[in-house]
>>> print(open('coords-v2.pdb').read())   # PDB, C-alpha atoms and all ligand atoms
ATOM      1  CA  MET A   5       5.937  98.282  -9.528
ATOM      2  CA  LYS A   6       2.572  98.351  -7.795
ATOM      3  CA  ILE A   7       0.257  95.846  -6.166
ATOM      4  CA  THR A   8      -3.404  96.390  -5.289
ATOM      5  CA  LEU A   9      -5.068  94.488  -2.488
ATOM      6  CA  ASP A  10      -8.792  94.041  -2.378
ATOM      7  CA  SER A  11     -10.363  94.809   1.033
ATOM      8  CA  PRO A  12      -7.440  93.843   3.273
ATOM      9  CA  LEU A  13      -8.504  92.603   6.699
ATOM     10  CA  ASP A  14      -6.733  92.508  10.042
ATOM     11  CA  MET A  15      -8.427  89.712  11.946
ATOM     12  CA  HIS A  16      -6.799  90.419  15.339
ATOM     13  CA  LEU A  17      -6.384  94.000  16.430
ATOM     14  CA  HIS A  18      -6.088  95.895  19.701
ATOM     15  CA  LEU A  19      -7.379  99.437  19.414
ATOM     16  CA  ARG A  20      -7.591 100.283  23.141
ATOM     17  CA  GLU A  21      -9.809 103.215  24.201
ATOM     18  CA  ASP A  22      -9.909 106.977  24.585
ATOM     19  CA  GLU A  23      -6.809 108.877  23.501
ATOM     20  CA  MET A  24      -4.937 105.745  22.411
ATOM     21  CA  LEU A  25      -7.893 104.629  20.295
ATOM     22  CA  ARG A  26      -8.039 108.020  18.610
ATOM     23  CA  ASN A  27      -4.282 107.907  17.964
ATOM     24  CA  VAL A  28      -3.997 104.389  16.508
ATOM     25  CA  ALA A  29      -7.366 103.577  14.884
ATOM     26  CA  PRO A  30      -6.807 105.894  11.865
ATOM     27  CA  PHE A  31      -3.786 103.788  10.814
ATOM     28  CA  SER A  32      -5.942 100.668  10.622
ATOM     29  CA  ALA A  33      -8.732 102.560   8.896
ATOM     30  CA  LYS A  34      -6.313 103.886   6.261
ATOM     31  CA  ASP A  35      -4.794 100.528   5.259
ATOM     32  CA  PHE A  36      -7.572  98.027   6.004
ATOM     33  CA  SER A  37     -11.182  97.551   5.005
ATOM     34  CA  GLY A  38     -12.048  95.985   8.341
ATOM     35  CA  ALA A  39     -10.576  94.446  11.462
ATOM     36  CA  MET A  40     -11.539  92.128  14.280
ATOM     37  CA  ILE A  41     -11.255  94.147  17.468
ATOM     38  CA  MET A  42     -10.132  92.542  20.718
ATOM     39  CA  PRO A  43     -12.194  92.996  23.901
ATOM     40  CA  ASN A  44      -9.491  92.995  26.615
ATOM     41  CA  LEU A  45     -10.247  96.399  28.059
ATOM     42  CA  VAL A  46     -10.957  97.509  31.613
ATOM     43  CA  PRO A  47     -13.785  96.726  32.195
ATOM     44  CA  PRO A  48     -13.885  94.053  29.466
ATOM     45  CA  ILE A  49     -16.350  94.133  26.571
ATOM     46  CA  ASP A  50     -19.002  91.735  27.818
ATOM     47  CA  ASN A  51     -22.447  93.263  27.343
ATOM     48  CA  LEU A  52     -24.534  94.980  24.685
ATOM     49  CA  LYS A  53     -24.252  98.468  26.124
ATOM     50  CA  ARG A  54     -20.457  98.297  26.243
ATOM     51  CA  LEU A  55     -20.307  96.798  22.722
ATOM     52  CA  LEU A  56     -22.436  99.545  21.214
ATOM     53  CA  GLN A  57     -20.503 102.281  22.983
ATOM     54  CA  TYR A  58     -17.164 100.824  21.894
ATOM     55  CA  LYS A  59     -18.372 100.452  18.317
ATOM     56  CA  ALA A  60     -19.487 104.079  18.278
ATOM     57  CA  ASP A  61     -16.116 105.172  19.681
ATOM     58  CA  ILE A  62     -14.299 103.238  16.933
ATOM     59  CA  TYR A  63     -16.462 104.737  14.174
ATOM     60  CA  ASP A  64     -15.825 108.124  15.691
ATOM     61  CA  ALA A  65     -12.046 107.568  15.691
ATOM     62  CA  THR A  66     -12.061 106.377  12.053
ATOM     63  CA  LYS A  67     -14.428 108.961  10.553
ATOM     64  CA  GLY A  68     -13.992 109.561   6.851
ATOM     65  CA  GLU A  69     -12.495 106.157   6.088
ATOM     66  CA  ILE A  70     -14.055 102.961   4.808
ATOM     67  CA  PHE A  71     -13.437 100.687   7.770
ATOM     68  CA  LYS A  72     -15.624  98.093   9.441
ATOM     69  CA  PRO A  73     -14.848  97.045  13.010
ATOM     70  CA  TYR A  74     -15.844  93.451  13.752
ATOM     71  CA  LEU A  75     -16.282  93.357  17.497
ATOM     72  CA  THR A  76     -15.656  90.500  19.912
ATOM     73  CA  ALA A  77     -16.797  89.847  23.469
ATOM     74  CA  PHE A  78     -14.684  88.648  26.379
ATOM     75  CA  LEU A  79     -15.315  85.005  27.276
ATOM     76  CA  LYS A  80     -16.984  84.422  30.618
ATOM     77  CA  ASN A  81     -20.048  82.457  31.619
ATOM     78  CA  TYR A  82     -22.966  83.917  29.691
ATOM     79  CA  THR A  83     -26.569  82.790  29.894
ATOM     80  CA  ARG A  84     -28.459  82.164  26.667
ATOM     81  CA  GLU A  85     -30.432  85.378  27.230
ATOM     82  CA  GLU A  86     -27.257  87.412  27.646
ATOM     83  CA  LEU A  87     -25.687  85.926  24.527
ATOM     84  CA  LEU A  88     -28.784  86.522  22.475
ATOM     85  CA  THR A  89     -28.811  90.212  23.396
ATOM     86  CA  PHE A  90     -25.480  90.853  21.664
ATOM     87  CA  LYS A  91     -24.953  87.880  19.348
ATOM     88  CA  ASP A  92     -25.570  89.998  16.237
ATOM     89  CA  GLU A  93     -23.043  92.625  17.334
ATOM     90  CA  ILE A  94     -20.066  90.268  17.522
ATOM     91  CA  ILE A  95     -18.040  88.106  15.171
ATOM     92  CA  ALA A  96     -16.490  85.910  17.888
ATOM     93  CA  ILE A  97     -15.912  85.535  21.606
ATOM     94  CA  LYS A  98     -12.356  85.747  22.855
ATOM     95  CA  LEU A  99     -10.835  83.412  25.412
ATOM     96  CA  TYR A 100      -7.947  84.681  27.495
ATOM     97  CA  PRO A 101      -6.457  82.311  30.016
ATOM     98  CA  ALA A 102      -6.253  84.405  33.211
ATOM     99  CA  GLY A 103      -2.922  86.240  33.364
ATOM    100  CA  ALA A 104      -1.850  85.451  29.769
ATOM    101  CA  THR A 105      -1.579  89.019  28.465
ATOM    102  CA  THR A 106      -2.627  92.694  28.878
ATOM    103  CA  ASN A 107      -5.871  92.992  30.865
ATOM    104  CA  SER A 108      -6.497  89.245  30.914
ATOM    105  CA  ASP A 109      -6.808  89.022  34.692
ATOM    106  CA  GLY A 110     -10.559  88.568  34.467
ATOM    107  CA  GLY A 111     -10.043  85.701  32.001
ATOM    108  CA  VAL A 112     -10.899  82.052  32.377
ATOM    109  CA  GLU A 113      -9.040  80.104  35.091
ATOM    110  CA  ASP A 114     -10.407  76.707  34.182
ATOM    111  CA  LEU A 115     -12.178  75.976  30.934
ATOM    112  CA  SER A 116     -14.644  73.611  32.548
ATOM    113  CA  HIS A 117     -16.215  76.719  34.119
ATOM    114  CA  ALA A 118     -17.116  77.980  30.643
ATOM    115  CA  ALA A 119     -18.544  74.686  29.343
ATOM    116  CA  ASP A 120     -22.141  75.901  29.159
ATOM    117  CA  THR A 121     -21.166  79.030  27.270
ATOM    118  CA  LEU A 122     -19.021  77.067  24.797
ATOM    119  CA  LYS A 123     -21.953  74.734  24.177
ATOM    120  CA  LEU A 124     -24.211  77.727  23.503
ATOM    121  CA  MET A 125     -21.643  79.289  21.176
ATOM    122  CA  GLU A 126     -21.458  76.042  19.239
ATOM    123  CA  GLU A 127     -25.227  75.979  18.954
ATOM    124  CA  LEU A 128     -25.527  79.647  17.970
ATOM    125  CA  GLY A 129     -22.597  79.532  15.537
ATOM    126  CA  ILE A 130     -20.379  82.023  17.392
ATOM    127  CA  PRO A 131     -16.666  81.302  16.767
ATOM    128  CA  LEU A 132     -14.217  81.054  19.678
ATOM    129  CA  SER A 133     -11.054  83.122  19.350
ATOM    130  CA  VAL A 134      -8.255  82.007  21.679
ATOM    131  CA  HIS A 135      -5.055  83.461  23.054
ATOM    132  CA  GLY A 136      -3.482  80.023  23.390
ATOM    133  CA  GLU A 137      -0.853  80.156  26.079
ATOM    134  CA  ASN A 138      -0.566  78.402  29.390
ATOM    135  CA  PRO A 139       0.564  81.220  31.705
ATOM    136  CA  LYS A 140       2.062  78.757  34.210
ATOM    137  CA  SER A 141       4.578  77.313  31.713
ATOM    138  CA  HIS A 142       8.032  78.542  30.679
ATOM    139  CA  VAL A 143       7.622  81.557  28.397
ATOM    140  CA  LEU A 144       8.930  79.709  25.318
ATOM    141  CA  GLU A 145       6.749  76.657  25.996
ATOM    142  CA  ARG A 146       3.453  78.380  26.811
ATOM    143  CA  GLU A 147       1.867  77.947  23.419
ATOM    144  CA  LYS A 148       3.038  74.348  23.040
ATOM    145  CA  ASP A 149       1.679  73.541  26.488
ATOM    146  CA  PHE A 150      -1.694  74.990  25.549
ATOM    147  CA  LEU A 151      -2.129  72.754  22.482
ATOM    148  CA  PRO A 152      -3.786  69.894  24.412
ATOM    149  CA  THR A 153      -6.449  72.428  25.471
ATOM    150  CA  TYR A 154      -7.099  73.301  21.819
ATOM    151  CA  GLU A 155      -7.438  69.591  21.070
ATOM    152  CA  GLN A 156      -9.857  69.109  23.927
ATOM    153  CA  ILE A 157     -12.083  72.006  22.841
ATOM    154  CA  ALA A 158     -11.928  70.886  19.200
ATOM    155  CA  LYS A 159     -13.084  67.396  20.212
ATOM    156  CA  ASP A 160     -15.670  68.430  22.795
ATOM    157  CA  TYR A 161     -17.299  71.030  20.518
ATOM    158  CA  PRO A 162     -16.880  69.689  16.975
ATOM    159  CA  LYS A 163     -19.141  72.339  15.425
ATOM    160  CA  LEU A 164     -17.463  75.264  17.210
ATOM    161  CA  LYS A 165     -15.054  77.222  14.995
ATOM    162  CA  ILE A 166     -11.894  77.723  17.032
ATOM    163  CA  ILE A 167      -9.319  80.294  15.995
ATOM    164  CA  MET A 168      -5.837  79.720  17.353
ATOM    165  CA  GLU A 169      -4.759  83.346  17.463
ATOM    166  CA  HIS A 170      -1.254  84.529  16.571
ATOM    167  CA  ILE A 171       0.327  81.083  16.486
ATOM    168  CA  THR A 172       4.087  81.073  16.865
ATOM    169  CA  CYS A 173       5.344  77.495  17.054
ATOM    170  CA  VAL A 174       5.778  74.567  14.717
ATOM    171  CA  ASP A 175       3.652  72.305  16.925
ATOM    172  CA  ALA A 176       0.659  74.637  16.562
ATOM    173  CA  VAL A 177       1.158  74.536  12.792
ATOM    174  CA  LYS A 178       1.047  70.742  12.931
ATOM    175  CA  LEU A 179      -2.131  70.748  15.010
ATOM    176  CA  LEU A 180      -4.026  72.970  12.569
ATOM    177  CA  ASP A 181      -4.884  70.215  10.097
ATOM    178  CA  LYS A 182      -5.694  67.602  12.710
ATOM    179  CA  TYR A 183      -9.189  68.997  13.406
ATOM    180  CA  ASP A 184     -11.599  70.449  10.863
ATOM    181  CA  ASN A 185     -12.765  73.132  13.292
ATOM    182  CA  LEU A 186      -9.326  74.649  14.007
ATOM    183  CA  TYR A 187      -8.185  77.824  12.232
ATOM    184  CA  ALA A 188      -5.328  80.240  12.873
ATOM    185  CA  THR A 189      -4.134  83.808  12.536
ATOM    186  CA  LEU A 190      -0.549  84.873  11.917
ATOM    187  CA  THR A 191       1.028  88.223  12.761
ATOM    188  CA  VAL A 192       3.568  90.050  10.637
ATOM    189  CA  GLN A 193       6.242  90.104  13.355
ATOM    190  CA  HIS A 194       6.145  86.341  13.860
ATOM    191  CA  LEU A 195       6.762  85.887  10.132
ATOM    192  CA  LEU A 196       9.764  88.194  10.317
ATOM    193  CA  ILE A 197      11.574  87.796  13.620
ATOM    194  CA  THR A 198      12.773  85.189  16.093
ATOM    195  CA  PHE A 199      13.633  85.350  19.791
ATOM    196  CA  ASP A 200      17.140  86.380  18.691
ATOM    197  CA  ASP A 201      15.877  89.691  17.356
ATOM    198  CA  ILE A 202      14.312  90.452  20.732
ATOM    199  CA  ALA A 203      17.045  89.343  23.093
ATOM    200  CA  GLY A 204      20.007  88.046  21.060
ATOM    201  CA  GLY A 205      21.805  91.382  21.076
ATOM    202  CA  LEU A 206      20.693  94.556  22.795
ATOM    203  CA  LEU A 207      17.214  93.982  24.196
ATOM    204  CA  ASN A 208      14.529  95.312  21.838
ATOM    205  CA  PRO A 209      11.340  96.028  23.787
ATOM    206  CA  HIS A 210       9.472  97.017  20.610
ATOM    207  CA  LEU A 211       9.648  93.423  19.371
ATOM    208  CA  PHE A 212       8.465  92.020  22.703
ATOM    209  CA  CYS A 213       4.983  90.559  22.581
ATOM    210  CA  LYS A 214       3.026  87.541  23.842
ATOM    211  CA  PRO A 215       3.305  84.892  22.592
ATOM    212  CA  ILE A 216       6.983  85.698  22.216
ATOM    213  CA  ALA A 217       8.705  85.037  18.863
ATOM    214  CA  LYS A 218      10.560  81.729  18.931
ATOM    215  CA  THR A 219      13.092  79.810  16.781
ATOM    216  CA  PHE A 220      13.998  79.822  13.090
ATOM    217  CA  GLU A 221      12.276  76.461  12.728
ATOM    218  CA  ASP A 222       9.076  77.920  14.186
ATOM    219  CA  ARG A 223       9.242  81.011  12.006
ATOM    220  CA  ASP A 224       9.830  78.959   8.873
ATOM    221  CA  ALA A 225       6.797  76.782   9.617
ATOM    222  CA  LEU A 226       4.652  79.934   9.967
ATOM    223  CA  ARG A 227       6.060  81.328   6.724
ATOM    224  CA  LYS A 228       5.140  78.156   4.886
ATOM    225  CA  LEU A 229       1.527  78.525   6.035
ATOM    226  CA  ALA A 230       1.364  82.189   5.044
ATOM    227  CA  PHE A 231       3.135  81.897   1.698
ATOM    228  CA  SER A 232       0.888  79.036   0.629
ATOM    229  CA  ALA A 233      -2.169  80.960   1.934
ATOM    230  CA  HIS A 234      -3.309  77.827   3.708
ATOM    231  CA  PRO A 235      -7.128  78.109   3.612
ATOM    232  CA  LYS A 236      -7.460  77.838   7.401
ATOM    233  CA  VAL A 237      -5.041  80.686   8.001
ATOM    234  CA  MET A 238      -5.573  84.451   7.888
ATOM    235  CA  PHE A 239      -3.717  87.600   8.766
ATOM    236  CA  GLY A 240      -4.240  89.046  12.234
ATOM    237  CA  SER A 241      -1.683  91.663  13.233
ATOM    238  CA  ASP A 242      -2.171  91.507  17.007
ATOM    239  CA  SER A 243      -1.012  95.117  16.780
ATOM    240  CA  ALA A 244      -1.047  96.170  20.421
ATOM    241  CA  PRO A 245       0.055  99.734  21.130
ATOM    242  CA  HIS A 246       1.453 100.897  24.445
ATOM    243  CA  PRO A 247       2.744 104.369  25.280
ATOM    244  CA  LYS A 248       6.510 104.719  24.904
ATOM    245  CA  SER A 249       6.847 105.057  28.683
ATOM    246  CA  SER A 250       5.335 101.570  29.165
ATOM    247  CA  LYS A 251       7.636 100.004  26.560
ATOM    248  CA  GLU A 252      10.951 101.678  27.380
ATOM    249  CA  GLY A 253      11.775 101.364  31.040
ATOM    250  CA  ALA A 254      12.984  98.939  33.667
ATOM    251  CA  THR A 255      10.143  96.702  32.509
ATOM    252  CA  SER A 256       8.359  96.584  29.168
ATOM    253  CA  ALA A 257       4.706  95.827  28.408
ATOM    254  CA  ALA A 258       4.047  93.042  25.874
ATOM    255  CA  GLY A 259       2.771  94.171  22.487
ATOM    256  CA  CYS A 260       4.065  95.465  19.136
ATOM    257  CA  PHE A 261       2.465  98.381  17.326
ATOM    258  CA  THR A 262       2.677  97.002  13.795
ATOM    259  CA  THR A 263      -0.330  98.544  12.037
ATOM    260  CA  PRO A 264       1.584 101.198  10.033
ATOM    261  CA  ILE A 265       4.150  98.667   8.780
ATOM    262  CA  ALA A 266       1.934  95.608   8.387
ATOM    263  CA  LEU A 267       1.046  95.837   4.688
ATOM    264  CA  PRO A 268       4.422  97.198   3.507
ATOM    265  CA  CYS A 269       6.295  94.479   5.418
ATOM    266  CA  LEU A 270       3.974  91.705   4.221
ATOM    267  CA  VAL A 271       4.302  92.750   0.586
ATOM    268  CA  GLU A 272       8.078  92.986   0.963
ATOM    269  CA  LEU A 273       8.263  89.532   2.548
ATOM    270  CA  PHE A 274       5.870  87.830   0.132
ATOM    271  CA  GLU A 275       7.768  89.371  -2.780
ATOM    272  CA  LYS A 276      11.096  88.153  -1.416
ATOM    273  CA  PHE A 277       9.788  84.589  -1.229
ATOM    274  CA  ASP A 278       7.978  84.773  -4.546
ATOM    275  CA  ALA A 279       4.569  84.349  -2.912
ATOM    276  CA  LEU A 280       2.804  87.569  -3.937
ATOM    277  CA  ASP A 281       0.154  85.549  -5.777
ATOM    278  CA  ASN A 282      -1.072  84.216  -2.443
ATOM    279  CA  LEU A 283      -1.114  87.486  -0.530
ATOM    280  CA  GLN A 284      -4.716  88.374  -1.424
ATOM    281  CA  ALA A 285      -5.987  85.098   0.052
ATOM    282  CA  PHE A 286      -3.891  85.514   3.186
ATOM    283  CA  ILE A 287      -4.842  89.155   3.723
ATOM    284  CA  SER A 288      -8.574  88.926   2.998
ATOM    285  CA  ASP A 289     -10.148  86.061   1.054
ATOM    286  CA  ASN A 290      -9.482  83.316   3.615
ATOM    287  CA  ALA A 291     -10.909  85.415   6.449
ATOM    288  CA  LYS A 292     -14.041  86.195   4.431
ATOM    289  CA  LYS A 293     -14.668  82.486   3.963
ATOM    290  CA  ILE A 294     -13.771  81.421   7.485
ATOM    291  CA  TYR A 295     -16.006  84.020   9.153
ATOM    292  CA  GLY A 296     -18.552  84.289   6.336
ATOM    293  CA  ILE A 297     -18.170  88.077   6.194
ATOM    294  CA  ASN A 298     -18.458  90.611   3.429
ATOM    295  CA  PRO A 299     -16.245  93.566   4.312
ATOM    296  CA  PRO A 300     -16.661  96.928   2.589
ATOM    297  CA  GLU A 301     -15.131  97.135  -0.871
ATOM    298  CA  LYS A 302     -11.820  98.980  -0.671
ATOM    299  CA  LYS A 303      -8.716  98.880  -2.858
ATOM    300  CA  VAL A 304      -5.381  99.458  -1.164
ATOM    301  CA  THR A 305      -2.396  99.991  -3.437
ATOM    302  CA  LEU A 306       1.245  99.613  -2.487
ATOM    303  CA  GLU A 307       4.181 100.771  -4.535
ATOM    304  CA  LYS A 308       7.767  99.576  -4.505
ATOM    305  CA  LYS A 309       9.058 102.784  -3.029
ATOM    306  CA  SER A 310      11.042 102.922   0.164
ATOM    307  CA  PHE A 311       9.452 103.988   3.403
ATOM    308  CA  ILE A 312      11.391 104.934   6.527
ATOM    309  CA  VAL A 313       9.323 103.924   9.522
ATOM    310  CA  PRO A 314       8.741 107.021  11.703
ATOM    311  CA  GLU A 315      10.330 107.068  15.158
ATOM    312  CA  ILE A 316       7.015 107.692  16.899
ATOM    313  CA  TYR A 317       3.303 108.196  16.250
ATOM    314  CA  GLY A 318       1.837 110.320  19.051
ATOM    315  CA  ASP A 319       3.416 108.590  22.054
ATOM    316  CA  VAL A 320       3.627 105.127  20.461
ATOM    317  CA  VAL A 321       6.829 103.751  18.982
ATOM    318  CA  PRO A 322       6.049 101.535  15.984
ATOM    319  CA  THR A 323       7.781  98.257  15.287
ATOM    320  CA  PHE A 324      10.908  98.772  13.137
ATOM    321  CA  ALA A 325      11.013 102.508  13.967
ATOM    322  CA  GLY A 326      13.718 104.203  11.926
ATOM    323  CA  GLU A 327      14.171 101.213   9.606
ATOM    324  CA  GLU A 328      13.594 101.097   5.882
ATOM    325  CA  VAL A 329      10.839  99.041   4.279
ATOM    326  CA  THR A 330      10.937  98.771   0.477
ATOM    327  CA  TRP A 331       7.176  99.117  -0.112
ATOM    328  CA  SER A 332       4.732 101.916   0.817
ATOM    329  CA  VAL A 333       0.979 102.226   0.857
ATOM    330  CA  VAL A 334       0.147 104.839  -1.775
ATOM    331  CA  SER A 335      -3.630 104.983  -2.010
ATOM    332  CA  GLU A 336      -6.923 103.538  -0.980
TER     333      GLU A 336
HETATM  334 ZN    ZN B   1      -3.896  89.984  20.922
END
>>> encode(input="coords-v2.pdb", output="structure tokens", more="lines below")
Ligand SMILES: [Zn+2]
Amino acid sequence: MKITLDSPLDMHLHLREDEMLRNVAPFSAKDFSGAMIMPNLVPPIDNLKRLLQYKADIYDATKGEIFKPYLTAFLKNYTREELLTFKDEIIAIKLYPAGATTNSDGGVEDLSHAADTLKLMEELGIPLSVHGENPKSHVLEREKDFLPTYEQIAKDYPKLKIIMEHITCVDAVKLLDKYDNLYATLTVQHLLITFDDIAGGLLNPHLFCKPIAKTFEDRDALRKLAFSAHPKVMFGSDSAPHPKSSKEGATSAAGCFTTPIALPCLVELFEKFDALDNLQAFISDNAKKIYGINPPEKKVTLEKKSFIVPEIYGDVVPTFAGEEVTWSVVSE
């Protein structure tokens, strides 16, 4: 049995830089036609020169493959002139509450400080992508506690497209349909696991990410959105590689490297819940409509043939290392 996906897209991806970029980017370029690349680097992506350099580095790391990187800039206060210099190079601007995740320290402390920029983005039609967690709340409540902020932005900037990235809780699912300008991405791990898989038995650092996976009720609400290919929802892996030494130690960095298993696991899951008919919309068509993009034409075929997830790629341990997935990517 085979299934062919048309121009699969990963609308939330961390590719890092330098050696890590060169190690992980080929996996995205093999399985996806394009991806939205996150800007939380040091220093952050926040000007034209840095955008162009990063784009060139990504093309360099993915040579020989059909793969379009859709870049994003880091949200800070930009003047109109600054925004206009790089508006055509980006697909969205990303908001990180300060301290929410990897390299978010330069993020926004108080949204009122970014009001002028948000107004400009609304006017210029630049979507706002948001890591929606309140870093001061309890780790399991951070997303829920951020929802009033989403509501406020949705109301204050009714023409601004707001993407609630990697949503993980049932309350975020409920909020999605309350405002026309709210959209969401879902990761593969949040469709598969709960907090139990991370910490219910032996601690599994390779399933640890932010926002952290939550309850069965939360996971089932996310699954419902994905399996029905809700038109405001798209796939965004949030694949976020760290070297093994940063994941396996006395402390563990947040982030799951899911790129190599994303498509096989999604096909397996959608098949199990009899939702394969909606996978194309979830993996590509919805994102094309939401962002108004036309990614390069690329067919990716998967076959029902088991795949044992390698223990390590370079120095990065993938999610579900050593486990069996029943589908494999067989061709472009
Ligand atoms: Zn992310």
>>> residues_near_ligand(input="coords-v2.pdb", ligand="ligand ZN 1 (chain B)", cutoff="12 Å", atoms="only C-alpha atoms and all ligand atoms", output="compact mmCIF listing (two decimals) with C-alpha atoms, in the coordinates of the input")
# COMPACT_ATOMS: atom_id res chain seq x y z
CA ASP A 14 -6.73 92.51 10.04
CA MET A 15 -8.43 89.71 11.95
CA HIS A 16 -6.80 90.42 15.34
CA LEU A 17 -6.38 94.00 16.43
CA HIS A 18 -6.09 95.90 19.70
CA LEU A 19 -7.38 99.44 19.41
CA ARG A 20 -7.59 100.28 23.14
CA MET A 40 -11.54 92.13 14.28
CA ILE A 41 -11.26 94.15 17.47
CA MET A 42 -10.13 92.54 20.72
CA PRO A 43 -12.19 93.00 23.90
CA ASN A 44 -9.49 93.00 26.62
CA LEU A 45 -10.25 96.40 28.06
CA THR A 76 -15.66 90.50 19.91
CA LYS A 98 -12.36 85.75 22.86
CA LEU A 99 -10.84 83.41 25.41
CA TYR A 100 -7.95 84.68 27.50
CA ALA A 104 -1.85 85.45 29.77
CA THR A 105 -1.58 89.02 28.46
CA THR A 106 -2.63 92.69 28.88
CA ASN A 107 -5.87 92.99 30.86
CA SER A 108 -6.50 89.24 30.91
CA SER A 133 -11.05 83.12 19.35
CA VAL A 134 -8.26 82.01 21.68
CA HIS A 135 -5.06 83.46 23.05
CA GLY A 136 -3.48 80.02 23.39
CA GLU A 137 -0.85 80.16 26.08
CA MET A 168 -5.84 79.72 17.35
CA GLU A 169 -4.76 83.35 17.46
CA HIS A 170 -1.25 84.53 16.57
CA ILE A 171 0.33 81.08 16.49
CA THR A 189 -4.13 83.81 12.54
CA LEU A 190 -0.55 84.87 11.92
CA THR A 191 1.03 88.22 12.76
CA CYS A 213 4.98 90.56 22.58
CA LYS A 214 3.03 87.54 23.84
CA PRO A 215 3.30 84.89 22.59
CA ILE A 216 6.98 85.70 22.22
CA GLY A 240 -4.24 89.05 12.23
CA SER A 241 -1.68 91.66 13.23
CA ASP A 242 -2.17 91.51 17.01
CA SER A 243 -1.01 95.12 16.78
CA ALA A 244 -1.05 96.17 20.42
CA PRO A 245 0.06 99.73 21.13
CA ALA A 258 4.05 93.04 25.87
CA GLY A 259 2.77 94.17 22.49
CA CYS A 260 4.07 95.46 19.14
CA PHE A 261 2.46 98.38 17.33
CA THR A 262 2.68 97.00 13.80
>>> closest_residue(input="coords-v2.pdb", among="A:Leu179, A:Leu186, A:Ala225, A:Ala77", to="Pro152 (chain A)", atoms="only C-alpha atoms")
A:Leu179
>>> residues_around(input="coords-v2.pdb", residues="Lys228 (chain A)", least_positions_apart="2", cutoff="12 Å", atoms="only C-alpha atoms", output="list in words")
Val174, Val177, Lys178, Leu190, Leu195, Glu221, Asp222, Arg223, Asp224, Ala225, Leu226, Ala230, Phe231, Ser232, Ala233, His234, Val237, Phe274, Phe277, Asp278, Ala279, Asn282 and Phe286 of chain A
>>> resolve_selection(input="coords-v2.pdb", expression="the PyMOL selection byres (((chain A and resi 268) around 10) and not hetatm)", output="list in words")
Asp35, Thr263, Pro264, Ile265, Ala266, Leu267, Cys269, Leu270, Val271, Glu272, Leu273, Leu306, Glu307, Lys308, Lys309, Ser310, Phe311, Val329, Thr330, Trp331, Ser332 and Val333 of chain A
>>> resolve_selection(input="coords-v2.pdb", expression="the PyMOL selection byres (((chain A and resi 120) around 12) and not hetatm)", output="PyMOL selection string")
chain A and resi 79-84+87+115-119+121-127+160-161
>>> atom_distance(input="coords-v2.pdb", atom1="CA of Asp201 (chain A)", atom2="CA of Ile316 (chain A)")
20.1 Å
>>> atom_distance(input="coords-v2.pdb", atom1="CA of Thr305 (chain A)", atom2="CA of Lys6 (chain A)")
6.8 Å
>>> atom_distance(input="coords-v2.pdb", atom1="CA of Thr323 (chain A)", atom2="CA of Tyr63 (chain A)")
25.1 Å
>>> resolve_selection(input="coords-v2.pdb", expression="the PyMOL selection byres (((chain A and resi 210) around 7) and not hetatm)", output="NGL selection string")
:A and (208-209 or 211-212 or 251 or 260 or 323)
>>> closest_residue(input="coords-v2.pdb", among="A:Ser256, A:Leu56, A:Ile62, A:Asp50", to="Asp22 (chain A)", atoms="only C-alpha atoms")
A:Ile62
>>> decode(input="coords-v2.pdb", residues="region 179-193 of chain A", atoms="C-alpha atoms", output="PDB file, in the first residue's frame")
ATOM      1  CA  LEU A 179     -10.527  29.432  21.172  1.00  0.00           C
ATOM      2  CA  LEU A 180      -9.639  28.776  17.530  1.00  0.00           C
ATOM      3  CA  ASP A 181     -13.152  29.253  16.164  1.00  0.00           C
ATOM      4  CA  LYS A 182     -14.004  32.225  18.344  1.00  0.00           C
ATOM      5  CA  TYR A 183     -12.087  34.715  16.160  1.00  0.00           C
ATOM      6  CA  ASP A 184     -11.857  34.703  12.375  1.00  0.00           C
ATOM      7  CA  ASN A 185      -8.212  35.785  12.454  1.00  0.00           C
ATOM      8  CA  LEU A 186      -6.915  32.918  14.630  1.00  0.00           C
ATOM      9  CA  TYR A 187      -5.196  29.899  13.060  1.00  0.00           C
ATOM     10  CA  ALA A 188      -3.101  27.088  14.520  1.00  0.00           C
ATOM     11  CA  THR A 189      -0.331  24.606  13.861  1.00  0.00           C
ATOM     12  CA  LEU A 190      -0.105  21.126  15.344  1.00  0.00           C
ATOM     13  CA  THR A 191       3.029  19.036  15.828  1.00  0.00           C
ATOM     14  CA  VAL A 192       3.268  15.293  15.344  1.00  0.00           C
ATOM     15  CA  GLN A 193       4.391  14.604  18.922  1.00  0.00           C
TER      16      GLN A 193
END
